[in-house]
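Below is one structure, written out as structure tokens, with a few remarks after it.
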Amino acid sequence: MNSNTQELSTSVQNAASTLYKVNDHYFDEQERDFLAQSDHLQTLNDLYEWEKNNPLFKYIVASKQHLFLDVQDLPAKFQYGYEAGQETPDAYESIQVNQAFMDHFSIRTHQGSIFRAGDYDINNTIIPIVAGYEYKDYLQLGQILDVGYMGIDLKCKVIGILEKHSFYNDGYSLKYLDRVVMLPSFEAEDIYAHDGTFMLRLLWDKTSGYIHSSLSANSIQELFTKKSLQLDMEPYVVEGVSNFYLTMWGLEGEQLQQVFIIFAFVIGVTTLFSLSTSIAAKISLRQFTYGVMIANGVSRLVINLSILLEIFLVNTVSLLMAFLLSYVMIKSISIPTLLLFSIILSVISFIPSWITINHLQLSKTIRGGNQ
């Protein structure tokens, strides 16, 4: 098998593999509330950086904002909405992509070159573009074009013409790129150095991309929901997955998580107090029995171990209930955390019992008949 056949095989295999589409979930009032936050741009950028660098999946940007091209005599077949019979003059089909897109779908050119690492820099004076195969008779390599993109004017240069029938997978079907202009998905080191409206559109576009991973759709959704809790934002939704996002008392995300942490702490302290007083009461009632056992040769160590075992058994039942509740509520079980908490609670609860047994006065206890 020669190298071209291997590349084609890899391209087809990747294109046919399962991709999950991730979308934002902001509508009307939710969107207005999010935009009212002073750090909404930073929040979106933090989400994008997490998506881009996450080792659990490959994040692919394939945005579909159309471009306005100042080019004479281009046929209507290139115009935005042509296939639906609703073409828009001077607006042309386009796709904005990252390097993961180029690599995953093995994008190659008929003429010229594809994007390189430096081409994604938003500060470039000349922005490179790669045109679909059917543009080969209308655009020339090296040609400079005036392009309108999401409200800003760009000076662009044609650096390549795609191979015939180049394609990608949009999660539902294979899409040809023959009549599409490819633009690099811009990367910005300083998101506040550029027009705020443009950066908002750009980041919102870039954060709604495609996921390629061996993980299930539900597992990917859980990752996005957890990250949303950290960023205090509405979770992005994996298409085809029902998402449960808890809100309560007008709180959500990180604020609600902090309230739950406080509740957990209060419940833990209350449980410790209740368990300690319960064990202390039982020991008080059993003092006479323990006194007789010690007088008959049973060591205090054995009694202490029996009490500790009883505490562990009670806490084991509570621990199993905590595992069940954790799985029902958040579909995951934090075994190390719950187990550590149970052990600490058991040991602390045992301290009053240990003090009582080791300071038990036999003569006073037995003669007093404290039953």
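Each chain in the structure tokens gets a letter, A, B and so on, in the order shown; residues start at 1 in every chain, and ligands are counted from 1 in the order they appear.
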
Residues of region 21-45 of chain A that have any atom at most 12 Å from an atom of region 52-72 of chain A: could you tabulate them with the shortest-distance atom pair and the distance in Å to one decimal, using only C-alpha atoms, ordered by chain and increasing number, as CSV?
residue,atom,partner,partner_atom,distance
A:Lys21,CA,A:Ile60,CA,9.5
A:Val22,CA,A:Tyr59,CA,9.9
A:Asn23,CA,A:Ser63,CA,11.4
A:Asn45,CA,A:Lys52,CA,10.4

Go ahead and save the residues from that selection, with all heavy atoms, as a CSV table (one decimal), in the first residue's frame.
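Below is the file selection-v3.csv, written as the result:
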chain,number,residue,atom,x,y,z
A,21,LYS,N,-20.7,16.9,18.9
A,21,LYS,CA,-20.9,18.4,18.7
A,21,LYS,C,-21.2,19.0,20.1
A,21,LYS,O,-22.1,18.5,20.8
A,21,LYS,CB,-22.0,18.7,17.7
A,21,LYS,CG,-22.1,20.2,17.5
A,21,LYS,CD,-20.9,20.8,16.8
A,21,LYS,CE,-21.1,22.2,16.3
A,21,LYS,NZ,-21.2,23.2,17.4
A,22,VAL,N,-20.5,20.0,20.5
A,22,VAL,CA,-20.7,20.7,21.8
A,22,VAL,C,-21.2,22.1,21.5
A,22,VAL,O,-20.6,22.8,20.7
A,22,VAL,CB,-19.4,20.7,22.6
A,22,VAL,CG1,-19.7,21.5,23.9
A,22,VAL,CG2,-18.9,19.3,22.9
A,23,ASN,N,-22.3,22.5,22.1
A,23,ASN,CA,-22.9,23.8,21.9
A,23,ASN,C,-23.1,24.5,23.2
A,23,ASN,O,-23.3,23.9,24.3
A,23,ASN,CB,-24.2,23.7,21.2
A,23,ASN,CG,-24.1,23.1,19.8
A,23,ASN,OD1,-23.3,23.5,19.0
A,23,ASN,ND2,-24.9,22.1,19.5
A,45,ASN,N,-12.8,32.4,27.3
A,45,ASN,CA,-11.4,32.1,27.0
A,45,ASN,C,-10.9,30.9,27.8
A,45,ASN,O,-10.2,30.0,27.3
A,45,ASN,CB,-10.5,33.3,27.1
A,45,ASN,CG,-9.2,33.1,26.5
A,45,ASN,OD1,-9.0,32.9,25.3
A,45,ASN,ND2,-8.1,33.2,27.3

### Task
Write out as an MDAnalysis selection string the residues lying within 8 Å of Leu177 (chain A), counting only C-alpha atoms and excluding same-chain residues fewer than 4 positions away.
chainID A and resid 132:133 162 165:168 181

Please save N, CA, C and O atoms of the selected residues as an mmCIF file, in the first residue's frame.
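Contents of the output file selection-v6.cif:
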data_model
loop_
_atom_site.group_PDB
_atom_site.id
_atom_site.type_symbol
_atom_site.label_atom_id
_atom_site.label_comp_id
_atom_site.auth_asym_id
_atom_site.auth_seq_id
_atom_site.Cartn_x
_atom_site.Cartn_y
_atom_site.Cartn_z
ATOM 1 N N GLY A 132 -11.607 26.211 -1.689
ATOM 2 C CA GLY A 132 -12.017 24.911 -2.181
ATOM 3 C C GLY A 132 -11.632 24.702 -3.635
ATOM 4 O O GLY A 132 -11.331 25.653 -4.371
ATOM 5 N N TYR A 133 -11.657 23.452 -4.061
ATOM 6 C CA TYR A 133 -11.145 23.078 -5.391
ATOM 7 C C TYR A 133 -11.826 23.852 -6.517
ATOM 8 O O TYR A 133 -11.174 24.235 -7.499
ATOM 9 N N LEU A 162 -7.632 23.617 -2.260
ATOM 10 C CA LEU A 162 -7.800 22.273 -1.721
ATOM 11 C C LEU A 162 -7.867 21.212 -2.815
ATOM 12 O O LEU A 162 -8.266 21.499 -3.955
ATOM 13 N N HIS A 165 -12.733 17.286 -3.893
ATOM 14 C CA HIS A 165 -13.568 16.476 -2.987
ATOM 15 C C HIS A 165 -12.955 16.322 -1.598
ATOM 16 O O HIS A 165 -13.136 15.281 -0.946
ATOM 17 N N SER A 166 -12.223 17.321 -1.138
ATOM 18 C CA SER A 166 -11.812 17.327 0.269
ATOM 19 C C SER A 166 -13.076 17.379 1.124
ATOM 20 O O SER A 166 -14.066 18.020 0.758
ATOM 21 N N PHE A 167 -13.061 16.717 2.272
ATOM 22 C CA PHE A 167 -14.286 16.634 3.062
ATOM 23 C C PHE A 167 -13.969 16.565 4.548
ATOM 24 O O PHE A 167 -12.823 16.355 4.961
ATOM 25 N N TYR A 168 -15.030 16.754 5.335
ATOM 26 C CA TYR A 168 -14.928 16.592 6.790
ATOM 27 C C TYR A 168 -16.258 16.056 7.302
ATOM 28 O O TYR A 168 -17.252 15.964 6.569
ATOM 29 N N VAL A 181 -14.484 28.475 1.444
ATOM 30 C CA VAL A 181 -13.233 29.176 1.740
ATOM 31 C C VAL A 181 -12.856 28.889 3.187
ATOM 32 O O VAL A 181 -13.673 29.073 4.101
#

### Query
Contacts of Cys156 (chain A) at 8 Å or less, counting only C-alpha atoms, minus same-chain residues fewer than 2 places along, as a PyMOL selection string?
chain A and resi 126-129+144-147+154+158
